[in-house]
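To be precise, the following lines are coords27.cif, and they hold mmCIF, C-alpha atoms.
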data_coords
#
loop_
_atom_site.group_PDB
_atom_site.id
_atom_site.type_symbol
_atom_site.label_atom_id
_atom_site.label_comp_id
_atom_site.auth_asym_id
_atom_site.auth_seq_id
_atom_site.Cartn_x
_atom_site.Cartn_y
_atom_site.Cartn_z
ATOM 1 C CA MET A 17 57.461 134.264 136.837
ATOM 2 C CA PRO A 18 56.501 131.038 135.092
ATOM 3 C CA ILE A 19 59.010 128.968 133.097
ATOM 4 C CA GLY A 20 58.312 129.288 129.402
ATOM 5 C CA LYS A 21 59.111 127.185 126.410
ATOM 6 C CA PRO A 22 62.560 128.024 125.017
ATOM 7 C CA GLY A 23 62.642 129.467 121.551
ATOM 8 C CA LYS A 24 64.024 132.202 119.364
ATOM 9 C CA VAL A 25 64.125 135.459 121.235
ATOM 10 C CA LEU A 26 66.726 137.575 119.487
ATOM 11 C CA LEU A 27 65.193 140.335 117.359
ATOM 12 C CA THR A 28 61.673 138.883 117.576
ATOM 13 C CA ARG A 29 60.143 142.006 119.061
ATOM 14 C CA VAL A 30 61.467 144.404 116.386
ATOM 15 C CA PRO A 31 58.400 145.926 114.703
ATOM 16 C CA LEU A 32 59.905 145.894 111.195
ATOM 17 C CA LYS A 33 58.489 143.373 108.740
ATOM 18 C CA PHE A 34 61.715 142.525 106.866
ATOM 19 C CA VAL A 35 63.552 141.883 110.163
ATOM 20 C CA ALA A 36 60.810 139.549 111.363
ATOM 21 C CA LYS A 37 60.914 137.785 108.007
ATOM 22 C CA ARG A 38 64.684 137.234 108.226
ATOM 23 C CA VAL A 39 64.646 136.165 111.847
ATOM 24 C CA GLY A 40 61.642 133.902 111.533
ATOM 25 C CA GLY A 41 62.924 132.046 108.505
ATOM 26 C CA ALA A 42 59.658 132.270 106.554
ATOM 27 C CA ASN A 43 60.518 129.356 104.244
ATOM 28 C CA HIS A 44 63.674 130.937 102.923
ATOM 29 C CA LYS A 45 66.894 129.133 102.312
ATOM 30 C CA SER A 46 69.352 129.208 105.113
ATOM 31 C CA LEU A 47 72.375 131.402 104.693
ATOM 32 C CA ASP A 48 74.542 128.720 106.279
ATOM 33 C CA ALA A 49 75.577 125.958 103.882
ATOM 34 C CA SER A 50 76.860 122.752 105.372
ATOM 35 C CA ILE A 51 79.750 121.100 103.520
ATOM 36 C CA PRO A 52 79.777 117.311 103.796
ATOM 37 C CA LEU A 53 83.440 116.882 104.731
ATOM 38 C CA VAL A 54 83.389 113.205 105.698
ATOM 39 C CA PRO A 55 82.400 111.905 102.228
ATOM 40 C CA PHE A 56 84.880 114.316 100.645
ATOM 41 C CA ILE A 57 87.712 113.078 102.874
ATOM 42 C CA ASP A 58 86.727 109.447 102.175
ATOM 43 C CA PHE A 59 86.871 110.158 98.449
ATOM 44 C CA LEU A 60 90.315 111.769 98.722
ATOM 45 C CA ILE A 61 91.692 108.871 100.784
ATOM 46 C CA THR A 62 90.366 106.378 98.239
ATOM 47 C CA LEU A 63 91.942 108.378 95.417
ATOM 48 C CA VAL A 64 95.323 108.569 97.164
ATOM 49 C CA VAL A 65 95.325 104.831 97.930
ATOM 50 C CA PHE A 66 94.451 104.039 94.312
ATOM 51 C CA LEU A 67 97.227 106.257 92.972
ATOM 52 C CA LEU A 68 99.777 104.808 95.376
ATOM 53 C CA THR A 69 98.910 101.224 94.433
ATOM 54 C CA SER A 70 98.949 101.922 90.705
ATOM 55 C CA PHE A 71 102.261 103.829 90.764
ATOM 56 C CA SER A 72 105.407 101.774 90.536
ATOM 57 C CA ALA A 73 108.870 103.220 90.853
ATOM 58 C CA SER A 74 110.628 99.927 90.200
ATOM 59 C CA GLY A 75 111.145 100.362 86.476
ATOM 60 C CA GLU A 76 108.015 98.746 85.100
ATOM 61 C CA LEU A 77 108.026 101.025 82.115
ATOM 62 C CA LEU A 78 106.271 99.064 79.452
ATOM 63 C CA ALA A 79 102.782 97.737 79.128
ATOM 64 C CA GLN A 80 102.392 94.206 77.872
ATOM 65 C CA GLN A 81 100.395 93.944 74.671
ATOM 66 C CA ALA A 82 97.161 91.977 74.813
ATOM 67 C CA ASN A 83 98.220 89.232 72.367
ATOM 68 C CA LEU A 84 101.740 88.830 73.780
ATOM 69 C CA LYS A 85 102.722 86.186 76.348
ATOM 70 C CA MET A 86 106.173 86.967 77.673
ATOM 71 C CA PRO A 87 108.357 84.282 79.261
ATOM 72 C CA ASP A 88 108.789 84.034 83.036
ATOM 73 C CA ALA A 89 112.108 84.551 84.829
ATOM 74 C CA HIS A 90 113.325 84.318 88.417
ATOM 75 C CA ASN A 91 116.520 86.404 88.227
ATOM 76 C CA VAL A 92 115.563 89.800 86.858
ATOM 77 C CA VAL A 93 116.805 93.389 86.835
ATOM 78 C CA ASP A 94 114.574 96.457 86.633
ATOM 79 C CA LEU A 95 114.201 97.971 83.168
ATOM 80 C CA GLU A 96 115.569 101.324 82.068
ATOM 81 C CA ILE A 97 113.937 103.798 79.741
ATOM 82 C CA ALA A 98 114.829 102.621 76.247
ATOM 83 C CA PRO A 99 113.235 101.987 72.837
ATOM 84 C CA ILE A 100 110.997 98.909 72.952
ATOM 85 C CA ILE A 101 110.950 96.354 70.146
ATOM 86 C CA ALA A 102 107.738 94.350 70.588
ATOM 87 C CA ILE A 103 107.441 91.088 68.656
ATOM 88 C CA ASN A 104 104.078 89.348 68.700
ATOM 89 C CA PRO A 105 102.881 86.488 66.429
ATOM 90 C CA GLN A 106 101.647 88.935 63.782
ATOM 91 C CA VAL A 107 103.901 92.003 63.710
ATOM 92 C CA MET A 108 107.158 93.535 64.963
ATOM 93 C CA THR A 109 106.902 97.102 66.280
ATOM 94 C CA LEU A 110 109.310 99.723 67.606
ATOM 95 C CA ASP A 111 107.607 101.917 70.222
ATOM 96 C CA GLY A 112 104.242 101.108 68.631
ATOM 97 C CA ARG A 113 105.298 101.711 65.000
ATOM 98 C CA ARG A 114 105.141 98.746 62.623
ATOM 99 C CA MET A 115 108.552 97.491 61.463
ATOM 100 C CA GLY A 116 107.734 94.226 59.736
ATOM 101 C CA ASP A 117 105.609 91.105 59.510
ATOM 102 C CA THR A 118 106.666 88.327 61.894
ATOM 103 C CA ASN A 119 105.703 85.469 59.554
ATOM 104 C CA SER A 120 107.723 86.850 56.628
ATOM 105 C CA LEU A 121 110.742 87.421 58.896
ATOM 106 C CA ALA A 122 110.523 83.845 60.201
ATOM 107 C CA ALA A 123 110.194 82.397 56.692
ATOM 108 C CA ASN A 124 113.713 83.411 55.620
ATOM 109 C CA PRO A 125 116.396 81.507 57.589
ATOM 110 C CA GLN A 126 119.182 83.901 56.518
ATOM 111 C CA LEU A 127 120.416 86.442 59.065
ATOM 112 C CA GLU A 128 119.550 89.828 57.614
ATOM 113 C CA ARG A 129 118.969 93.276 58.984
ATOM 114 C CA ILE A 130 115.513 94.778 59.107
ATOM 115 C CA GLU A 131 116.094 98.055 57.279
ATOM 116 C CA GLN A 132 113.103 99.962 58.678
ATOM 117 C CA LEU A 133 114.097 98.972 62.226
ATOM 118 C CA VAL A 134 117.730 100.005 61.694
ATOM 119 C CA GLN A 135 116.705 103.380 60.229
ATOM 120 C CA ASP A 136 114.288 104.158 63.074
ATOM 121 C CA LEU A 137 116.799 103.112 65.742
ATOM 122 C CA GLU A 138 119.470 105.301 64.145
ATOM 123 C CA THR A 139 116.990 108.199 64.155
ATOM 124 C CA LEU A 140 116.350 107.635 67.873
ATOM 125 C CA LYS A 141 120.109 107.543 68.453
ATOM 126 C CA ARG A 142 120.593 110.885 66.651
ATOM 127 C CA ASN A 143 117.691 112.390 68.632
ATOM 128 C CA TRP A 144 119.334 111.229 71.880
ATOM 129 C CA ALA A 145 122.572 112.953 70.897
ATOM 130 C CA ILE A 146 120.696 116.182 70.196
ATOM 131 C CA LEU A 147 118.635 116.092 73.414
ATOM 132 C CA HIS A 148 121.494 114.981 75.699
ATOM 133 C CA PRO A 149 124.697 116.475 74.261
ATOM 134 C CA SER A 150 126.774 116.079 77.430
ATOM 135 C CA GLN A 151 125.738 112.511 78.269
ATOM 136 C CA PRO A 152 127.109 109.337 76.670
ATOM 137 C CA PHE A 153 124.697 107.295 74.572
ATOM 138 C CA PRO A 154 123.399 104.330 76.676
ATOM 139 C CA ALA A 155 122.914 102.100 73.587
ATOM 140 C CA THR A 156 120.095 100.182 75.310
ATOM 141 C CA VAL A 157 117.105 98.597 73.628
ATOM 142 C CA VAL A 158 114.394 96.397 75.190
ATOM 143 C CA ILE A 159 112.996 93.414 73.300
ATOM 144 C CA GLN A 160 109.512 92.369 74.369
ATOM 145 C CA ALA A 161 108.848 89.096 72.544
ATOM 146 C CA ASP A 162 106.168 86.467 72.755
ATOM 147 C CA GLN A 163 107.524 83.203 74.157
ATOM 148 C CA ALA A 164 106.319 81.278 71.092
ATOM 149 C CA ILE A 165 108.172 83.462 68.544
ATOM 150 C CA ASP A 166 110.759 81.738 66.357
ATOM 151 C CA PHE A 167 114.263 82.629 67.551
ATOM 152 C CA ARG A 168 115.277 83.639 64.009
ATOM 153 C CA VAL A 169 112.964 86.659 64.260
ATOM 154 C CA ILE A 170 114.435 87.653 67.627
ATOM 155 C CA LYS A 171 117.952 87.129 66.252
ATOM 156 C CA LYS A 172 117.176 89.422 63.288
ATOM 157 C CA ALA A 173 115.855 92.078 65.679
ATOM 158 C CA MET A 174 118.999 91.781 67.824
ATOM 159 C CA PHE A 175 121.238 91.941 64.737
ATOM 160 C CA SER A 176 119.389 95.019 63.447
ATOM 161 C CA ALA A 177 119.690 96.723 66.843
ATOM 162 C CA ALA A 178 123.426 96.001 66.913
ATOM 163 C CA GLN A 179 123.793 97.368 63.371
ATOM 164 C CA ALA A 180 122.103 100.598 64.525
ATOM 165 C CA GLY A 181 124.551 100.966 67.419
ATOM 166 C CA TYR A 182 122.520 99.467 70.265
ATOM 167 C CA SER A 183 124.880 97.023 71.953
ATOM 168 C CA ASN A 184 123.011 96.651 75.275
ATOM 169 C CA ILE A 185 119.952 94.482 74.591
ATOM 170 C CA SER A 186 117.524 93.626 77.401
ATOM 171 C CA PHE A 187 114.596 91.237 77.306
ATOM 172 C CA ALA A 188 111.295 92.060 78.973
ATOM 173 C CA VAL A 189 110.023 89.110 81.026
ATOM 174 C CA ASN A 190 107.447 88.438 83.705
ATOM 175 C CA ARG A 191 108.952 88.435 87.192
ATOM 176 C CA ARG A 192 108.275 85.156 88.995
ATOM 177 C CA GLY A 193 109.787 84.783 92.465
ATOM 178 C CA GLY A 194 113.483 85.330 93.029
ATOM 179 C CA SER A 195 115.042 88.668 93.843
#
Could the structure of this file be written out as structure tokens, please?
Amino acid sequence: MPIGKPGKVLLTRVPLKFVAKRVGGANHKSLDASIPLVPFIDFLITLVVFLLTSFSASGELLAQQANLKMPDAHNVVDLEIAPIIAINPQVMTLDGRRMGDTNSLAANPQLERIEQLVQDLETLKRNWAILHPSQPFPATVVIQADQAIDFRVIKKAMFSAAQAGYSNISFAVNRRGGS
């Protein structure tokens, strides 16, 4: 018996047309679909690495505004979740809501409370008491100020926060060296 060329043998001698068509292929799509696993796994690894590098559990809770240059500090402590008073050269905001104009606050040298800021901080304090009835109020506020802001504006913000019952005032700074 001579050695023949290997090929498809299974079901090739069945005299039915539809069987021969299925077995022979006849330009039909294959029933087996290959899943490209290597590119999928590469994509998932890239996604996991990106999420791990962008996540920070160290207390970096606030995003710095584009027109705000915060001062640098060597000895820092991680921030806690608290209302954020942002003071840039144009406007003072509390958690993104406008509280006053920085230039008009700097123009008056007298120490005065910023009424809108005091009212909104008191509202946040009442909301805390409603949401956390069994916990003591932390009385913490974070001031995120531009390094070129007149201290009178920062002092008015601190005075207003104290008037609203926020006695623990933290400053957001850029961490530079140190521990």
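In this structure, atom CA of Met108 of chain A sits 17.3 Å away from atom CA of Tyr182 of chain A.
Among the candidate residues A:Asn184, A:Pro55, A:Leu32, A:Leu121, the one lying nearest to Asp166 of chain A is A:Leu121, with distances computed using only C-alpha atoms.
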inquiry  = Which residues would end up in the selection if the PyMOL selection byres ((chain A and resi 159) around 8) were applied here, given that I need the answer as a list in words?
reply    = Ile100, Ile101, Ala102, Ile103, Val157, Val158, Gln160, Ala161, Ile185, Ser186, Phe187 and Ala188 of chain A
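Coordinates place atom CA of Val169 of chain A at a distance of 17.2 Å from atom CA of Asp111 of chain A.
Residue nearest Lys172 of chain A, chosen from A:Thr139, A:Ser120, A:Ser150, A:Thr156 and counting only C-alpha atoms: A:Ser120.
Distance-wise, atom CA of Ala155 of chain A and atom CA of Val189 of chain A end up 19.8 Å apart.
Near Arg129 of chain A, within 10 Å and counting all atoms listed in the file, sit Lys171, Lys172, Ala173, Met174, Phe175, Ser176, Ala177, Ala178, Gln179 and Ala180 of chain A; same-chain residues fewer than 6 positions away were not included.
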Trp144 of chain A proximity check over A:Val35, A:Ile165, A:Ala98, A:Ile61, using all atoms listed in the file: winner is A:Ala98
Exactly which residues make up the result of the PyMOL selection byres ((chain A and resi 106) around 7) on this file, given as a PyMOL selection string? chain A and resi 104-105+107+117-119
**Study point:** Distance query Asp136 of chain A at most 9 Å, all atoms listed in the file, self and fewer than 3 positions along chain excluded, as a VMD selection string
**Key:** chain A and resid 110 115 131 to 133 139 to 141 180
